[in-house]
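Novice: My structure file start.cif, mmCIF, C-alpha atoms, is below:
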data_run
loop_
_atom_site.label_atom_id
_atom_site.label_comp_id
_atom_site.auth_asym_id
_atom_site.auth_seq_id
_atom_site.Cartn_x
_atom_site.Cartn_y
_atom_site.Cartn_z
CA MET A 563 -1.93 36.24 20.79
CA SER A 564 1.25 36.53 22.86
CA GLY A 565 4.40 34.72 21.88
CA TYR A 566 4.09 35.62 18.18
CA SER A 567 5.97 38.10 16.07
CA PHE A 568 6.00 38.90 12.38
CA GLU A 569 9.26 36.97 12.16
CA ASP A 570 7.68 33.74 13.35
CA ASP A 571 6.29 30.83 11.37
CA LYS A 572 3.08 29.45 12.81
CA LEU A 573 1.75 25.91 12.87
CA ALA A 574 -1.57 24.60 14.17
CA ILE A 575 -2.11 20.86 14.53
CA THR A 576 -4.78 18.57 15.89
CA VAL A 577 -3.90 15.25 17.52
CA LYS A 578 -5.43 12.48 19.60
CA ALA A 579 -4.98 13.19 23.29
CA ASP A 580 -3.09 9.94 23.92
CA GLY A 581 -0.34 10.99 21.49
CA ALA A 582 -0.15 14.68 22.39
CA GLU A 583 2.98 14.47 24.56
CA ASP A 584 4.95 12.57 21.93
CA ILE A 585 3.88 15.06 19.27
CA LYS A 586 4.90 18.03 21.45
CA LYS A 587 8.35 16.52 21.94
CA ALA A 588 8.73 15.72 18.26
CA TYR A 589 7.75 19.20 17.10
CA ALA A 590 10.16 20.70 19.63
CA VAL A 591 12.91 18.74 17.89
CA PHE A 592 11.87 20.40 14.61
CA GLY A 593 12.38 23.76 16.34
CA TRP A 594 8.74 24.52 17.11
CA ARG A 595 7.71 26.09 20.43
CA LEU A 596 4.25 25.34 21.83
CA VAL A 597 2.38 28.57 22.58
CA LYS A 598 -1.14 27.27 23.09
CA GLN A 599 -2.82 23.94 23.74
CA TYR A 600 -6.53 23.39 24.14
CA GLY A 601 -9.13 20.65 24.00
CA ASP A 602 -11.71 20.24 21.29
CA GLU A 603 -15.22 21.51 21.99
CA LYS A 604 -16.88 18.45 20.43
CA TYR A 605 -14.44 15.60 21.03
CA GLY A 606 -12.83 14.92 24.39
CA ASP A 607 -9.98 12.85 22.94
CA ILE A 608 -8.75 15.60 20.58
CA ILE A 609 -6.13 18.23 21.43
CA HIS A 610 -5.33 21.34 19.38
CA MET A 611 -1.83 22.80 19.53
CA ASP A 612 -0.46 26.08 18.20
CA PHE A 613 3.29 26.29 17.63
CA VAL A 614 5.68 29.03 16.55
CA ARG A 615 9.21 28.93 15.18
CA GLU A 616 11.57 31.67 14.09
CA HIS A 617 11.24 32.28 10.39
CA LYS A 618 14.96 32.45 9.70
CA ILE A 619 16.68 29.36 11.08
CA GLU A 620 19.59 27.27 9.94
CA GLY A 621 18.66 24.17 7.94
CA LYS A 622 15.02 25.24 7.58
CA ASP A 623 14.53 23.57 4.18
CA ARG A 624 15.84 20.26 5.45
CA LEU A 625 13.79 20.56 8.64
CA GLN A 626 10.64 21.14 6.62
CA LEU A 627 11.35 18.08 4.48
CA LEU A 628 12.02 15.99 7.58
CA GLN A 629 8.84 17.30 9.19
CA VAL A 630 6.76 16.32 6.14
CA ARG A 631 8.26 12.83 6.19
CA PHE A 632 7.58 12.60 9.92
CA GLU A 633 3.95 13.67 9.46
CA VAL A 634 3.35 11.20 6.62
CA ALA A 635 4.74 8.36 8.73
CA VAL A 636 2.76 9.35 11.83
CA ASN A 637 -0.45 9.73 9.83
CA PHE A 638 0.00 6.29 8.26
CA LEU A 639 0.65 4.71 11.65
CA GLY A 640 -2.44 6.41 13.05
CA LYS A 641 -4.86 5.53 10.26
CA ALA A 642 -3.72 2.13 8.99
CA PRO A 643 -4.81 -0.05 11.93
CA GLY A 644 -8.40 1.13 11.55
CA ARG A 645 -8.34 0.29 7.86
CA LEU A 646 -6.77 -3.15 8.18
CA SER A 647 -10.05 -5.02 8.08
CA VAL A 648 -11.64 -3.02 5.25
CA ARG A 649 -10.14 -4.97 2.34
CA ALA A 650 -10.83 -8.31 4.00
CA GLY A 651 -14.36 -7.21 4.83
CA ILE A 652 -15.12 -6.15 1.28
CA ILE A 653 -13.74 -9.36 -0.21
CA GLY A 654 -15.58 -11.48 2.36
CA ALA A 655 -18.85 -9.60 1.83
CA LEU A 656 -18.72 -9.84 -1.96
CA LEU A 657 -17.91 -13.53 -1.95
CA SER A 658 -20.54 -14.17 0.73
CA LEU A 659 -23.15 -12.41 -1.41
CA ILE A 660 -22.39 -14.84 -4.22
CA GLY A 661 -22.80 -17.73 -1.79
CA ILE A 662 -26.06 -16.33 -0.44
CA ALA A 663 -27.35 -15.83 -3.99
CA LEU A 664 -26.55 -19.47 -4.72
CA ILE A 665 -28.37 -20.57 -1.56
CA VAL A 666 -31.46 -18.53 -2.45
CA TYR A 667 -31.42 -19.74 -6.06
CA GLY A 668 -31.01 -23.34 -4.92
CA ALA A 669 -33.90 -22.94 -2.48
CA VAL A 670 -36.14 -21.56 -5.22
CA VAL A 671 -35.19 -24.40 -7.57
CA ALA A 672 -35.80 -27.02 -4.86
CA PHE A 673 -39.09 -25.44 -3.75
CA TYR A 674 -40.55 -25.20 -7.25
CA SER A 675 -39.10 -28.44 -8.56
CA THR A 676 -41.44 -30.89 -10.22
CA THR A 677 -38.93 -33.71 -10.51
CA THR A 678 -36.39 -35.38 -8.30
CA VAL A 679 -33.59 -34.18 -10.60
CA PHE A 680 -34.53 -30.50 -10.14
CA TYR A 681 -34.98 -31.01 -6.39
CA ALA A 682 -31.53 -32.64 -6.13
CA THR A 683 -30.06 -29.84 -8.26
CA GLY A 684 -31.58 -27.25 -5.90
CA ILE A 685 -30.10 -29.01 -2.87
CA GLY A 686 -26.75 -29.21 -4.66
CA VAL A 687 -26.80 -25.47 -5.43
CA ILE A 688 -27.71 -24.74 -1.79
CA SER A 689 -24.76 -26.90 -0.68
CA GLY A 690 -22.49 -25.10 -3.13
CA GLY A 691 -23.69 -21.75 -1.78
CA ILE A 692 -22.94 -22.81 1.78
CA LEU A 693 -19.46 -23.92 0.71
CA PHE A 694 -19.00 -20.58 -1.06
CA VAL A 695 -19.87 -18.68 2.15
CA VAL A 696 -17.37 -20.81 4.10
CA PHE A 697 -14.80 -20.16 1.36
CA ALA A 698 -15.53 -16.41 1.60
CA LEU A 699 -14.86 -16.44 5.34
CA PHE A 700 -11.63 -18.37 4.82
CA VAL A 701 -10.44 -15.96 2.10
CA ALA A 702 -11.37 -12.89 4.17
CA ASN A 703 -9.45 -14.26 7.15
CA LYS A 704 -6.43 -15.01 4.96
CA VAL A 705 -6.49 -11.50 3.45
CA PHE A 706 -6.78 -9.93 6.92
CA THR A 707 -3.88 -12.01 8.25
CA THR A 708 -1.70 -11.13 5.26
CA ASP A 709 -2.56 -7.43 5.50
CA LYS A 710 -1.84 -7.44 9.22
CA GLN A 711 1.62 -8.94 8.61
CA LYS A 712 2.33 -6.40 5.86
CA TYR A 713 1.20 -3.57 8.13
CA GLY A 714 3.43 -4.85 10.93
CA ALA A 715 6.45 -4.84 8.64
CA VAL A 716 5.68 -1.40 7.23
CA ALA A 717 4.95 -0.01 10.70
CA ALA A 718 8.29 -1.28 12.02
CA VAL A 719 10.13 0.40 9.15
CA LEU A 720 8.20 3.63 9.67
CA ARG A 721 8.96 3.67 13.40
CA ASP A 722 12.66 3.28 12.59
CA ASN A 723 12.36 6.05 10.00
CA ILE A 724 10.69 8.32 12.55
CA LYS A 725 13.60 7.76 14.95
CA ASP A 726 16.09 8.57 12.18
CA ILE A 727 14.12 11.66 11.13
CA LEU A 728 13.99 12.97 14.69
CA ALA A 729 17.69 12.25 15.20
CA GLU A 730 18.60 14.24 12.09
CA ALA A 731 16.28 17.10 13.07
CA SER A 732 17.88 17.10 16.52
CA ARG A 733 21.34 17.48 14.94
CA ILE A 734 20.08 20.47 12.92
CA THR A 735 18.23 22.29 15.71
CA GLY A 736 20.33 21.21 18.66
CA VAL A 737 17.15 20.27 20.53
CA LYS A 738 17.61 16.96 22.32
CA ASN A 739 15.42 14.19 20.97
CA ALA A 740 13.57 12.85 24.01
CA GLY A 741 11.98 10.00 22.01
#
Mind converting the file's structure to structure tokens?

Specialist:
Amino acid sequence: MSGYSFEDDKLAITVKADGAEDIKKAYAVFGWRLVKQYGDEKYGDIIHMDFVREHKIEGKDRLQLLQVRFEVAVNFLGKAPGRLSVRAGIIGALLSLIGIALIVYGAVVAFYSTTTVFYATGIGVISGGILFVVFALFVANKVFTTDKQKYGAVAAVLRDNIKDILAEASRITGVKNAG
């Protein structure tokens, strides 16, 4: 492959197509030079990039640490939104299952009741189950809202950290931070 030498460090990454330009610019700030970019054979929204960087560069240890911090922040920002609803969904589903179990149990009690007391108890358990399902939806919504606020705060801090990381890397490499 042209553009490589034994004195070069190599890096291959895979990114979503919509973030490829920002990633190219960021890695340039870390001193990496793009030598090859190509699409994924299976997924149209995935881009593969191959980078090289001289092995012996000033501030390499610090650049590597900054790059790791950058990658952790970018990965969190990329994955967290898709996971926001998971916790709320699990809590809502588990609580709803309890409510549904109460509804089914109440229906069985009411259906097989031989007295008015058992019939009324069955209807009461059904009502309690319905309230439990409503409660489950309320709790799941509250958890989702809280998680979304927490994510927003963390995401804002991470975006600021990414700017600071790129600014420091730019000072080390001399490559202008375009972001």

Novice: What is the distance between atom CA of Gln629 of chain A and atom CA of Ile727 of chain A, in Å to one decimal?

Specialist: 8.0 Å

Novice: Carefully work through the PyMOL selection byres ((chain A and resi 654-662) around 7) for this structure and note down the residues it includes, as a PyMOL selection string.

Specialist: chain A and resi 650-653+663-666+691-692+694-695+698-699+701-702

Novice: Which neighbours of Leu628 of chain A fall inside 9 Å, counting all atoms listed in the file, when residues of the same chain fewer than 5 positions from it are skipped, and could you give them as an MDAnalysis selection string?

Specialist: chainID A and resid 592 623 633 727:728 730:731

Novice: Keeping only C-alpha atoms, write the selected residues to a file as a JSON list (two decimals), in the frame of the given file.

Specialist:
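Resulting contents of part_15.json:
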[["chain", "number", "residue", "atom", "x", "y", "z"],
["A", 592, "PHE", "CA", 11.87, 20.40, 14.61],
["A", 623, "ASP", "CA", 14.53, 23.57, 4.18],
["A", 633, "GLU", "CA", 3.95, 13.67, 9.46],
["A", 727, "ILE", "CA", 14.12, 11.66, 11.13],
["A", 728, "LEU", "CA", 13.99, 12.97, 14.69],
["A", 730, "GLU", "CA", 18.60, 14.24, 12.09],
["A", 731, "ALA", "CA", 16.28, 17.10, 13.07]]

Novice: So, with all atoms listed in the file as the atoms that count, which of A:Glu616, A:Asp726, A:Asp607, A:Glu583 lies closest to Arg595 of chain A?

Specialist: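 The shortest atom-to-atom distance to Arg595 of chain A comes from A:Glu616.
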
Novice: Around (14.1, 33.0, 9.8), as given in the file, which residues come within 12 Å? Count only C-alpha atoms and list them as a ChimeraX atom specification.

Specialist: /A:567-572,593,614-623

Novice: Report, in Å with one decimal, the straight-line distance from atom CA of Lys604 of chain A to atom CA of Ala642 of chain A.

Specialist: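 Calculated distance between atom CA of Lys604 of chain A and atom CA of Ala642 of chain A is 23.9 Å.
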